[in-house]
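Novice: Enclosed is the structure file run.tsv (TSV, C-alpha atoms).
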```
chain	number	residue	atom	x	y	z
A	1	MET	CA	-24.25	-16.47	239.55
A	2	THR	CA	-21.09	-18.16	238.30
A	3	GLU	CA	-21.17	-19.18	234.67
A	4	ARG	CA	-20.64	-22.91	234.32
A	5	GLY	CA	-17.27	-23.87	232.83
A	6	LEU	CA	-16.82	-25.70	229.55
A	7	LEU	CA	-16.02	-29.38	229.31
A	8	ILE	CA	-13.35	-29.70	226.61
A	9	VAL	CA	-12.65	-33.18	225.27
A	10	LEU	CA	-9.56	-33.83	223.17
A	11	SER	CA	-9.50	-37.20	221.46
A	12	GLY	CA	-8.35	-38.84	218.27
A	13	PRO	CA	-6.83	-41.98	216.78
A	14	SER	CA	-4.10	-43.93	218.58
A	15	GLY	CA	-0.67	-42.59	217.72
A	16	VAL	CA	-1.87	-39.15	216.61
A	17	GLY	CA	-0.07	-37.38	219.46
A	18	LYS	CA	-2.86	-36.48	221.90
A	19	GLY	CA	-0.54	-36.68	224.91
A	20	THR	CA	2.10	-34.45	223.33
A	21	VAL	CA	-0.47	-31.81	222.42
A	22	ARG	CA	-2.02	-31.97	225.88
A	23	GLU	CA	1.39	-31.49	227.51
A	24	ALA	CA	2.08	-28.48	225.27
A	25	VAL	CA	-1.33	-26.99	226.11
A	26	PHE	CA	-0.53	-27.11	229.81
A	27	LYS	CA	3.07	-25.92	229.42
A	28	ASP	CA	1.65	-22.65	228.09
A	29	PRO	CA	1.35	-20.35	231.13
A	30	GLU	CA	-1.59	-18.54	229.52
A	31	THR	CA	-3.75	-21.66	229.46
A	32	LYS	CA	-6.70	-20.94	231.72
A	33	PHE	CA	-8.38	-24.31	231.77
A	34	GLU	CA	-7.65	-27.23	234.07
A	35	TYR	CA	-6.56	-30.72	233.21
A	36	SER	CA	-8.89	-33.39	234.52
A	37	ILE	CA	-7.04	-35.94	236.61
A	38	SER	CA	-7.91	-39.51	235.69
A	39	MET	CA	-8.62	-42.36	238.08
A	40	THR	CA	-6.82	-45.66	237.54
A	41	THR	CA	-6.27	-49.06	239.12
A	42	ARG	CA	-2.73	-49.39	237.81
A	43	LYS	CA	0.13	-49.02	240.27
A	44	PRO	CA	1.91	-45.64	240.48
A	45	ARG	CA	5.18	-45.48	238.53
A	46	GLU	CA	8.21	-43.96	240.13
A	47	GLY	CA	7.64	-40.27	240.83
A	48	GLU	CA	3.87	-40.39	240.18
A	49	VAL	CA	1.79	-38.76	242.88
A	50	ASP	CA	-1.79	-39.65	243.87
A	51	GLY	CA	-4.13	-36.73	243.11
A	52	VAL	CA	-1.58	-35.14	240.77
A	53	ASP	CA	-0.79	-37.63	238.02
A	54	TYR	CA	-3.75	-39.90	238.72
A	55	TYR	CA	-6.17	-40.85	241.43
A	56	PHE	CA	-4.77	-44.30	242.26
A	57	ARG	CA	-7.56	-46.57	243.45
A	58	SER	CA	-8.09	-50.27	244.08
A	59	ARG	CA	-10.03	-52.38	241.63
A	60	GLU	CA	-12.84	-52.68	244.17
A	61	GLU	CA	-13.12	-48.94	244.62
A	62	PHE	CA	-13.09	-48.35	240.86
A	63	GLU	CA	-15.76	-50.98	240.21
A	64	LYS	CA	-17.94	-49.51	242.94
A	65	ALA	CA	-17.60	-46.06	241.30
A	66	ILE	CA	-18.71	-47.62	237.99
A	67	SER	CA	-21.73	-49.37	239.48
A	68	ASP	CA	-22.68	-46.20	241.38
A	69	GLY	CA	-22.72	-44.29	238.06
A	70	LYS	CA	-19.89	-42.07	239.29
A	71	MET	CA	-17.60	-42.40	236.26
A	72	LEU	CA	-18.04	-39.91	233.44
A	73	GLU	CA	-16.19	-42.37	231.22
A	74	TYR	CA	-13.91	-45.35	231.74
A	75	ALA	CA	-12.17	-48.14	229.90
A	76	GLU	CA	-10.02	-51.15	230.67
A	77	TYR	CA	-6.54	-51.40	229.12
A	78	VAL	CA	-4.13	-54.28	229.72
A	79	GLY	CA	-6.02	-55.35	232.81
A	80	ASN	CA	-6.35	-51.92	234.45
A	81	TYR	CA	-9.19	-49.44	234.59
A	82	TYR	CA	-8.73	-45.80	233.57
A	83	GLY	CA	-11.48	-43.21	233.77
A	84	THR	CA	-12.78	-39.78	234.75
A	85	PRO	CA	-14.62	-39.28	238.06
A	86	LEU	CA	-17.94	-37.52	237.44
A	87	ASP	CA	-18.31	-35.65	240.78
A	88	TYR	CA	-14.90	-34.04	240.43
A	89	VAL	CA	-15.70	-32.78	236.89
A	90	GLU	CA	-19.14	-31.51	237.93
A	91	GLU	CA	-17.70	-29.65	240.90
A	92	ARG	CA	-15.06	-27.90	238.79
A	93	LEU	CA	-17.55	-27.00	236.02
A	94	ASN	CA	-19.98	-25.57	238.57
A	95	SER	CA	-17.15	-23.44	239.99
A	96	GLY	CA	-16.85	-21.85	236.53
A	97	VAL	CA	-13.63	-23.66	235.61
A	98	ASP	CA	-13.11	-25.09	232.10
A	99	ILE	CA	-12.07	-28.73	232.38
A	100	PHE	CA	-9.93	-30.44	229.75
A	101	LEU	CA	-10.00	-34.19	229.13
A	102	GLU	CA	-7.54	-36.01	226.87
A	103	ILE	CA	-8.98	-39.45	226.29
A	104	GLU	CA	-9.42	-42.29	223.83
A	105	ILE	CA	-12.27	-42.29	221.33
A	106	GLN	CA	-14.46	-44.80	223.19
A	107	GLY	CA	-14.21	-42.66	226.31
A	108	ALA	CA	-15.07	-39.51	224.37
A	109	MET	CA	-18.23	-41.18	223.05
A	110	GLN	CA	-19.24	-42.08	226.62
A	111	VAL	CA	-18.73	-38.45	227.66
A	112	LYS	CA	-20.78	-37.25	224.69
A	113	LYS	CA	-23.74	-39.36	225.82
A	114	ARG	CA	-23.67	-37.91	229.36
A	115	MET	CA	-22.56	-34.35	228.57
A	116	PRO	CA	-23.49	-33.55	224.97
A	117	GLU	CA	-22.95	-29.83	225.72
A	118	GLY	CA	-19.18	-30.50	225.90
A	119	VAL	CA	-16.77	-29.23	223.26
A	120	PHE	CA	-15.48	-32.25	221.36
A	121	ILE	CA	-12.19	-31.82	219.53
A	122	PHE	CA	-10.81	-34.51	217.24
A	123	LEU	CA	-7.04	-34.49	216.72
A	124	THR	CA	-6.20	-35.74	213.23
A	125	PRO	CA	-2.95	-36.77	211.57
A	126	PRO	CA	-1.79	-34.47	208.73
A	127	ASP	CA	-2.69	-37.34	206.46
A	128	LEU	CA	-3.19	-41.05	206.81
A	129	ALA	CA	0.11	-41.83	205.11
A	130	GLU	CA	1.89	-40.04	207.89
A	131	LEU	CA	-0.23	-41.85	210.45
A	132	LYS	CA	1.06	-45.09	208.91
A	133	SER	CA	4.67	-44.04	209.34
A	134	ARG	CA	3.95	-42.91	212.90
A	135	LEU	CA	2.51	-46.30	213.72
A	136	ILE	CA	5.44	-48.12	212.13
A	137	GLY	CA	7.86	-45.65	213.67
A	138	ARG	CA	6.96	-46.83	217.13
A	139	GLY	CA	9.29	-49.69	216.56
A	140	THR	CA	8.73	-53.34	217.02
A	141	GLU	CA	5.31	-54.10	215.50
A	142	THR	CA	4.86	-56.52	212.62
A	143	LEU	CA	3.26	-55.39	209.36
A	144	ASP	CA	0.07	-57.28	210.27
A	145	VAL	CA	-0.21	-55.28	213.47
A	146	VAL	CA	0.38	-52.06	211.55
A	147	GLU	CA	-2.27	-52.94	208.96
A	148	ALA	CA	-4.78	-53.72	211.70
A	149	ARG	CA	-4.05	-50.39	213.32
A	150	MET	CA	-4.55	-48.64	209.97
A	151	LYS	CA	-7.97	-50.22	209.69
A	152	THR	CA	-8.78	-48.98	213.19
A	153	ALA	CA	-7.51	-45.52	212.29
A	154	LYS	CA	-9.82	-45.46	209.25
A	155	GLU	CA	-12.77	-46.37	211.43
A	156	GLU	CA	-11.76	-43.73	213.95
A	157	ILE	CA	-11.52	-41.02	211.32
A	158	GLU	CA	-15.02	-41.98	210.22
A	159	MET	CA	-16.02	-41.20	213.80
A	160	MET	CA	-14.78	-37.64	213.40
A	161	ALA	CA	-18.32	-36.70	212.41
A	162	SER	CA	-19.34	-37.07	216.08
A	163	TYR	CA	-16.98	-34.26	217.08
A	164	ASP	CA	-17.47	-30.50	216.92
A	165	TYR	CA	-13.99	-29.61	215.67
A	166	ALA	CA	-11.10	-31.27	213.84
A	167	VAL	CA	-7.58	-30.02	214.55
A	168	VAL	CA	-4.67	-31.31	212.49
A	169	ASN	CA	-1.65	-32.28	214.56
A	170	ASP	CA	1.01	-31.08	212.15
A	171	VAL	CA	2.99	-28.50	214.14
A	172	VAL	CA	2.24	-29.06	217.84
A	173	LEU	CA	2.19	-25.37	218.75
A	174	ASP	CA	-0.26	-24.67	215.90
A	175	ALA	CA	-2.55	-27.36	217.28
A	176	VAL	CA	-2.25	-25.81	220.75
A	177	ARG	CA	-3.10	-22.34	219.43
A	178	LYS	CA	-6.12	-23.73	217.58
A	179	ILE	CA	-7.39	-25.60	220.63
A	180	LYS	CA	-7.09	-22.47	222.76
A	181	GLY	CA	-8.86	-20.49	220.03
A	182	ILE	CA	-11.70	-23.02	220.01
A	183	VAL	CA	-12.14	-22.65	223.78
A	184	GLU	CA	-12.09	-18.85	223.62
A	185	THR	CA	-14.55	-18.84	220.72
A	186	GLU	CA	-16.91	-21.26	222.49
A	187	HIS	CA	-17.10	-18.74	225.33
A	188	LEU	CA	-18.27	-16.09	222.83
A	189	LYS	CA	-21.27	-18.11	221.62
A	190	THR	CA	-24.40	-16.03	222.01
A	191	GLU	CA	-26.30	-18.90	223.59
A	192	ARG	CA	-23.74	-18.91	226.42
A	193	VAL	CA	-23.57	-15.16	227.09
A	194	ILE	CA	-27.04	-13.84	226.30
A	195	HIS	CA	-28.17	-13.94	229.95
A	196	ARG	CA	-25.40	-11.48	230.88
A	197	TYR	CA	-26.87	-8.94	228.49
A	198	GLN	CA	-30.41	-9.66	229.57
A	199	ASN	CA	-29.27	-8.69	233.10
A	200	MET	CA	-27.84	-5.42	231.73
A	201	LEU	CA	-31.20	-4.63	230.15
A	202	GLU	CA	-33.07	-5.31	233.38
A	203	GLU	CA	-30.85	-2.86	235.27
A	204	ILE	CA	-32.04	0.10	233.20
B	1	MET	CA	-12.33	-28.58	194.53
B	2	THR	CA	-11.89	-25.25	196.28
B	3	GLU	CA	-13.52	-25.05	199.67
B	4	ARG	CA	-16.10	-22.27	199.76
B	5	GLY	CA	-15.07	-19.27	201.87
B	6	LEU	CA	-16.90	-18.10	204.97
B	7	LEU	CA	-19.23	-15.12	205.01
B	8	ILE	CA	-18.43	-13.20	208.19
B	9	VAL	CA	-20.93	-10.56	209.27
B	10	LEU	CA	-19.96	-8.04	211.95
B	11	SER	CA	-22.86	-5.99	213.25
B	12	GLY	CA	-24.09	-4.38	216.44
B	13	PRO	CA	-25.85	-1.35	217.89
B	14	SER	CA	-25.21	2.18	216.56
B	15	GLY	CA	-22.27	3.77	218.30
B	16	VAL	CA	-20.67	0.52	219.47
B	17	GLY	CA	-17.60	1.02	217.30
B	18	LYS	CA	-18.10	-1.41	214.41
B	19	GLY	CA	-16.14	0.79	212.01
B	20	THR	CA	-13.17	1.15	214.37
B	21	VAL	CA	-12.99	-2.60	214.95
B	22	ARG	CA	-13.30	-3.30	211.22
B	23	GLU	CA	-10.45	-0.88	210.47
B	24	ALA	CA	-8.27	-2.54	213.11
B	25	VAL	CA	-9.06	-5.99	211.68
B	26	PHE	CA	-7.83	-4.92	208.26
B	27	LYS	CA	-4.80	-3.02	209.57
B	28	ASP	CA	-3.51	-6.35	210.89
B	29	PRO	CA	-1.25	-7.73	208.11
B	30	GLU	CA	-2.09	-11.31	209.18
B	31	THR	CA	-5.80	-10.91	208.44
B	32	LYS	CA	-6.55	-13.35	205.64
B	33	PHE	CA	-10.14	-12.42	204.89
B	34	GLU	CA	-11.36	-9.73	202.52
B	35	TYR	CA	-13.51	-6.74	203.25
B	36	SER	CA	-16.64	-6.60	201.15
B	37	ILE	CA	-16.93	-3.31	199.30
B	38	SER	CA	-20.37	-1.74	199.62
B	39	MET	CA	-22.40	-0.14	196.87
B	40	THR	CA	-23.90	3.32	197.46
B	41	THR	CA	-25.75	6.09	195.71
B	42	ARG	CA	-24.11	8.84	197.75
B	43	LYS	CA	-21.50	11.02	196.06
B	44	PRO	CA	-17.81	10.16	196.61
B	45	ARG	CA	-16.11	12.31	199.28
B	46	GLU	CA	-12.71	13.77	198.57
B	47	GLY	CA	-10.16	11.02	198.16
B	48	GLU	CA	-12.72	8.18	197.90
B	49	VAL	CA	-12.17	5.86	194.95
B	50	ASP	CA	-14.83	3.86	193.09
B	51	GLY	CA	-14.26	0.12	193.59
B	52	VAL	CA	-11.99	0.73	196.60
B	53	ASP	CA	-14.01	2.66	199.19
B	54	TYR	CA	-17.39	1.96	197.62
B	55	TYR	CA	-18.98	1.08	194.33
B	56	PHE	CA	-20.53	4.46	193.50
B	57	ARG	CA	-23.71	4.00	191.46
B	58	SER	CA	-26.66	6.08	190.37
B	59	ARG	CA	-30.03	5.74	192.08
B	60	GLU	CA	-31.42	4.10	188.93
B	61	GLU	CA	-28.66	1.50	188.81
B	62	PHE	CA	-29.06	0.71	192.53
B	63	GLU	CA	-32.84	0.35	192.26
B	64	LYS	CA	-32.45	-1.94	189.26
B	65	ALA	CA	-30.03	-4.11	191.29
B	66	ILE	CA	-32.64	-4.30	194.08
B	67	SER	CA	-35.48	-5.26	191.75
B	68	ASP	CA	-33.24	-7.83	190.00
B	69	GLY	CA	-32.59	-9.47	193.40
B	70	LYS	CA	-28.89	-8.66	193.11
B	71	MET	CA	-28.43	-7.07	196.53
B	72	LEU	CA	-27.46	-9.35	199.43
B	73	GLU	CA	-28.67	-6.58	201.75
B	74	TYR	CA	-29.38	-2.87	201.47
B	75	ALA	CA	-30.80	0.06	203.37
B	76	GLU	CA	-31.57	3.72	202.81
B	77	TYR	CA	-29.96	6.34	205.09
B	78	VAL	CA	-30.49	10.07	204.76
B	79	GLY	CA	-31.76	9.72	201.23
B	80	ASN	CA	-29.02	7.40	199.94
B	81	TYR	CA	-28.88	3.65	199.38
B	82	TYR	CA	-26.09	1.52	200.84
B	83	GLY	CA	-25.80	-2.21	200.27
B	84	THR	CA	-23.81	-5.33	199.39
B	85	PRO	CA	-23.81	-6.67	195.81
B	86	LEU	CA	-24.68	-10.38	195.83
B	87	ASP	CA	-22.75	-11.50	192.72
B	88	TYR	CA	-19.51	-10.05	194.01
B	89	VAL	CA	-19.86	-11.84	197.38
B	90	GLU	CA	-20.81	-15.14	195.71
B	91	GLU	CA	-17.84	-14.94	193.35
B	92	ARG	CA	-15.37	-14.35	196.19
B	93	LEU	CA	-16.86	-17.10	198.40
B	94	ASN	CA	-16.71	-19.58	195.51
B	95	SER	CA	-13.05	-18.68	195.02
B	96	GLY	CA	-12.46	-19.86	198.58
B	97	VAL	CA	-12.02	-16.38	200.04
B	98	ASP	CA	-13.56	-15.43	203.40
B	99	ILE	CA	-15.60	-12.26	203.00
B	100	PHE	CA	-16.14	-9.82	205.85
B	101	LEU	CA	-19.16	-7.49	206.03
B	102	GLU	CA	-19.51	-4.72	208.59
B	103	ILE	CA	-23.13	-3.61	208.47
B	104	GLU	CA	-26.09	-2.35	210.47
B	105	ILE	CA	-28.43	-4.76	212.22
B	106	GLN	CA	-31.26	-4.57	209.67
B	107	GLY	CA	-28.77	-5.43	206.93
B	108	ALA	CA	-27.38	-8.34	208.94
B	109	MET	CA	-30.89	-9.77	209.32
B	110	GLN	CA	-31.39	-9.56	205.53
B	111	VAL	CA	-28.11	-11.43	205.03
B	112	LYS	CA	-29.15	-14.07	207.55
B	113	LYS	CA	-32.30	-14.79	205.55
B	114	ARG	CA	-30.37	-15.30	202.30
B	115	MET	CA	-27.20	-16.88	203.70
B	116	PRO	CA	-27.98	-18.49	207.06
B	117	GLU	CA	-24.68	-20.41	206.84
B	118	GLY	CA	-22.81	-17.14	207.46
B	119	VAL	CA	-20.96	-16.44	210.70
B	120	PHE	CA	-22.87	-13.69	212.52
B	121	ILE	CA	-20.91	-11.70	215.10
B	122	PHE	CA	-22.60	-9.15	217.34
B	123	LEU	CA	-20.38	-6.39	218.70
B	124	THR	CA	-21.57	-5.30	222.14
B	125	PRO	CA	-20.70	-2.35	224.36
B	126	PRO	CA	-18.92	-3.23	227.65
B	127	ASP	CA	-22.18	-2.23	229.32
B	128	LEU	CA	-25.18	-0.17	228.44
B	129	ALA	CA	-24.11	2.70	230.70
B	130	GLU	CA	-21.01	3.10	228.63
B	131	LEU	CA	-23.08	2.93	225.47
B	132	LYS	CA	-25.09	5.86	226.85
B	133	SER	CA	-21.97	7.96	227.36
B	134	ARG	CA	-20.72	7.00	223.90
B	135	LEU	CA	-23.97	8.18	222.37
B	136	ILE	CA	-23.91	11.44	224.34
B	137	GLY	CA	-20.20	11.83	223.66
B	138	ARG	CA	-20.87	12.25	219.96
B	139	GLY	CA	-21.77	15.83	220.65
B	140	THR	CA	-24.78	17.81	219.78
B	141	GLU	CA	-27.79	15.55	220.42
B	142	THR	CA	-30.54	16.49	222.90
B	143	LEU	CA	-31.39	14.19	225.80
B	144	ASP	CA	-34.58	13.13	224.03
B	145	VAL	CA	-32.52	11.94	221.09
B	146	VAL	CA	-30.15	10.10	223.42
B	147	GLU	CA	-33.04	8.42	225.26
B	148	ALA	CA	-34.55	7.32	221.96
B	149	ARG	CA	-31.21	5.87	220.92
B	150	MET	CA	-30.96	4.02	224.25
B	151	LYS	CA	-34.34	2.45	223.58
B	152	THR	CA	-33.12	1.40	220.16
B	153	ALA	CA	-29.93	-0.01	221.68
B	154	LYS	CA	-32.00	-2.10	224.12
B	155	GLU	CA	-34.02	-3.50	221.25
B	156	GLU	CA	-30.85	-4.20	219.33
B	157	ILE	CA	-29.27	-6.07	222.23
B	158	GLU	CA	-32.41	-8.18	222.40
B	159	MET	CA	-31.65	-9.07	218.79
B	160	MET	CA	-28.29	-10.50	219.83
B	161	ALA	CA	-30.00	-13.89	220.06
B	162	SER	CA	-30.08	-14.02	216.24
B	163	TYR	CA	-26.28	-13.97	216.11
B	164	ASP	CA	-23.78	-16.80	216.54
B	165	TYR	CA	-21.26	-14.89	218.65
B	166	ALA	CA	-21.13	-11.84	220.90
B	167	VAL	CA	-17.84	-9.93	221.15
B	168	VAL	CA	-17.47	-7.11	223.67
B	169	ASN	CA	-15.86	-3.99	222.23
B	170	ASP	CA	-13.85	-3.02	225.29
B	171	VAL	CA	-10.24	-3.01	224.10
B	172	VAL	CA	-10.29	-2.82	220.28
B	173	LEU	CA	-7.32	-5.16	219.77
B	174	ASP	CA	-8.97	-7.76	222.05
B	175	ALA	CA	-12.10	-7.58	219.92
B	176	VAL	CA	-9.96	-8.01	216.78
B	177	ARG	CA	-8.17	-11.04	218.24
B	178	LYS	CA	-11.51	-12.61	219.20
B	179	ILE	CA	-13.00	-12.02	215.76
B	180	LYS	CA	-10.00	-13.62	214.10
B	181	GLY	CA	-10.22	-16.52	216.56
B	182	ILE	CA	-13.88	-17.01	215.65
B	183	VAL	CA	-13.01	-17.18	211.95
B	184	GLU	CA	-10.17	-19.64	212.51
B	185	THR	CA	-12.35	-21.80	214.77
B	186	GLU	CA	-15.22	-21.82	212.27
B	187	HIS	CA	-12.80	-23.30	209.73
B	188	LEU	CA	-12.10	-26.16	212.17
B	189	LYS	CA	-15.75	-27.21	212.45
B	190	THR	CA	-16.04	-30.88	211.59
B	191	GLU	CA	-19.02	-30.28	209.32
B	192	ARG	CA	-16.80	-28.03	207.17
B	193	VAL	CA	-13.72	-30.27	206.94
B	194	ILE	CA	-15.05	-33.82	207.05
B	195	HIS	CA	-15.02	-34.18	203.26
B	196	ARG	CA	-11.25	-33.62	203.23
B	197	TYR	CA	-10.81	-36.63	205.47
B	198	GLN	CA	-13.31	-38.70	203.53
B	199	ASN	CA	-11.08	-38.09	200.48
B	200	MET	CA	-8.05	-39.31	202.47
B	201	LEU	CA	-9.89	-42.52	203.31
B	202	GLU	CA	-10.82	-43.12	199.68
B	203	GLU	CA	-7.18	-42.84	198.64
B	204	ILE	CA	-6.14	-45.88	200.70
```
Go ahead and express the file in the form of structure tokens.

Specialist:
Amino acid sequence: MTERGLLIVLSGPSGVGKGTVREAVFKDPETKFEYSISMTTRKPREGEVDGVDYYFRSREEFEKAISDGKMLEYAEYVGNYYGTPLDYVEERLNSGVDIFLEIEIQGAMQVKKRMPEGVFIFLTPPDLAELKSRLIGRGTETLDVVEARMKTAKEEIEMMASYDYAVVNDVVLDAVRKIKGIVETEHLKTERVIHRYQNMLEEI
Amino acid sequence: MTERGLLIVLSGPSGVGKGTVREAVFKDPETKFEYSISMTTRKPREGEVDGVDYYFRSREEFEKAISDGKMLEYAEYVGNYYGTPLDYVEERLNSGVDIFLEIEIQGAMQVKKRMPEGVFIFLTPPDLAELKSRLIGRGTETLDVVEARMKTAKEEIEMMASYDYAVVNDVVLDAVRKIKGIVETEHLKTERVIHRYQNMLEEI
């Protein structure tokens, strides 16, 4: 019997660097888990490939998937849907593959409701002051916009309590090492491996 | 406020190689946790130093420590007591140091009763067949003795369920890496770090 894979969910406040950390995780040739490909209704950008960067679908198809309960999580941004197809994730997990999602906080909370056994990792800024400069550093926003984002960030950090682990995004490669350590350690949990040893006992 | 250190307990069946793994953990110059020095009533062997290898104490002193409730765990082997002094462990944990115990299963269960918040790691043989050859490989025991030890090993593996993690002792350096990964990951648990972030929020 194949052991079911782990669902790993990386999330965190806007601007914390989730995408950068995710890219670094998958640049590492030793990474054994798979990145979950999102489904979206937005048009492909130049060079983007269906089934590689995203599953590009029509609005009708996406809305049917939602109403059929076939989205593990989804959200609408700037008039387009983005989300994770449930069947695809289930199939990979049942094949024993660890699946990695990098999603926004609302999406992570949807996943937690449907798959509470997932491993939920919250990426945090080294401190909120730095988060402020990151938000401002993006460029063109007014101070009002920045203040509103700070408020959101505070609320989001309060949501950290819903996650299993908090990883500081200070040095990207440190964050990557910690995330990989979390995944390896989760595989060592007694509750996940005890049946292997029970089989050993039965053989004697 | 200093964050309290973690109590890390490495245990497992007789003959699985706990001592070898522990030595390899502490040979690694990057290991940040401290080995807890045991107390014993046995006489020092040549080269052993009080307060380094063991705390060497008289039988009267050890029994007084037991009756005063000052032993985190203890056991008697071949007419001598061995155990872990509670005050010493508490002092180090409160200083923010992670303390590492390598003890027998009965001792680990005593620790679990008094400090259930500890991190309990069970070292397992690659398979029970190999455990059998390890037990025989020690030398002079009769088959009856080996069979009795096998029975004990089976019981001990059934006790694995009381531990948080199971690490296979196949390649020693792999086991060391996994143990260090467990400790690092435990420090990332949200329940342990959330207060740091709550302080950040209060500062704004």

Novice: Show me, as a VMD selection string, the residues that have an atom within 12 Å of Ile8 (chain B) when counting all atoms listed in the file, minus same-chain residues fewer than 3 positions from it.

Specialist: chain B and resid 5 11 22 33 to 36 89 93 97 to 103 108 111 to 112 115 to 122 163 to 165 179 to 180 182 to 184 186 to 187

Novice: Restricting the calculation to only C-alpha atoms, which member of B:Asn94, B:Val171, B:Tyr77, B:Thr185 is positioned closest to Thr2 (chain B)?

Specialist: B:Asn94

Novice: Take CA of Met160 (chain B) and CA of Ile194 (chain A) and report the distance between them in Å, one decimal.

Specialist: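 Computing it gives 7.4 Å between the two atoms.
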
Novice: CA of Met71 (chain A) to CA of Ser95 (chain A): how many Å, to one decimal?

Specialist: 19.3 Å

Novice: Report, in Å to a single decimal, how far apart CA of Arg42 (chain B) and CA of Glu23 (chain B) are.

Specialist: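 Rounded to one decimal, the two atoms are 21.0 Å apart.
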
Novice: Within 7 Å of (-16.7, -7.4, 223.0), in the coordinates the file gives, what residues turn up when you count only C-alpha atoms, written out as a compact mmCIF listing (two decimals) with C-alpha atoms, in the coordinates of the input?

Specialist:
```txt
# COMPACT_ATOMS: atom_id res chain seq x y z
CA LEU B 123 -20.38 -6.39 218.70
CA THR B 124 -21.57 -5.30 222.14
CA PRO B 125 -20.70 -2.35 224.36
CA PRO B 126 -18.92 -3.23 227.65
CA ALA B 166 -21.13 -11.84 220.90
CA VAL B 167 -17.84 -9.93 221.15
CA VAL B 168 -17.47 -7.11 223.67
CA ASN B 169 -15.86 -3.99 222.23
CA ASP B 170 -13.85 -3.02 225.29
CA ALA B 175 -12.10 -7.58 219.92
```

Novice: List as a ChimeraX atom specification the residues having at least one atom at most 8 Å from position (-21.2, 2.6, 193.1) as given in the file, counting only C-alpha atoms.

Specialist: /B:38-41,50-51,54-58

Novice: I need the residues from that last selection saved to file as a short mmCIF file (atom, residue, chain, number, x, y, z; two decimals), in the coordinates of the input (with C-alpha atoms), if you can.

Specialist:
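Resulting contents of selection13.cif:
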```cif
data_model
loop_
_atom_site.label_atom_id
_atom_site.label_comp_id
_atom_site.auth_asym_id
_atom_site.auth_seq_id
_atom_site.Cartn_x
_atom_site.Cartn_y
_atom_site.Cartn_z
CA SER B 38 -20.37 -1.74 199.62
CA MET B 39 -22.40 -0.14 196.87
CA THR B 40 -23.90 3.32 197.46
CA THR B 41 -25.75 6.09 195.71
CA ASP B 50 -14.83 3.86 193.09
CA GLY B 51 -14.26 0.12 193.59
CA TYR B 54 -17.39 1.96 197.62
CA TYR B 55 -18.98 1.08 194.33
CA PHE B 56 -20.53 4.46 193.50
CA ARG B 57 -23.71 4.00 191.46
CA SER B 58 -26.66 6.08 190.37
#
```

Novice: Go through B:Arg59, B:Lys113, B:Lys178, B:Arg192 one by one, measure the shortest atom-to-atom distance of each to Tyr81 (chain B) using only C-alpha atoms, and give the residue with the smallest value.

Specialist: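 Residue with the minimum atom-to-atom distance to Tyr81 (chain B): B:Arg59.
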
Novice: Quick one: residues within 8 Å of Ala24 (chain B), all atoms listed in the file, excluding same-chain residues fewer than 6 positions away - as an MDAnalysis selection string?

Specialist: chainID B and resid 172:173 176

Novice: Between A:Met109, A:Lys32, A:Lys43, A:Glu3, single out the one closest to Asn80 (chain A), counting all atoms listed in the file.

Specialist: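 Between A:Met109, A:Lys32, A:Lys43, A:Glu3, the residue approaching Asn80 (chain A) most closely is A:Lys43.
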
Novice: From the set B:Arg149, B:Arg196, B:Lys154, B:Lys189, which residue has the shortest atom-to-atom contact distance to Gly15 (chain B), counting all atoms listed in the file?

Specialist: B:Arg149

Novice: Just checking: using only C-alpha atoms, which residue out of B:Thr190, B:Thr152, B:Ser162, B:Thr20 ends up closest to chain A?

Specialist: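 Of the candidates, the smallest distance to chain A is held by B:Thr190.
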
Novice: Calculate, to one decimal in Å, the centre and edge lengths of the box along x, y and z of the file that holds all listed atoms of region 108-122 of chain B with 5 Å of margin on each side, and present them as AutoDock Vina command-line options.

Specialist:
```
--center_x -26.6 --center_y -14.4 --center_z 209.8 --size_x 21.4 --size_y 22.1 --size_z 25.0
```
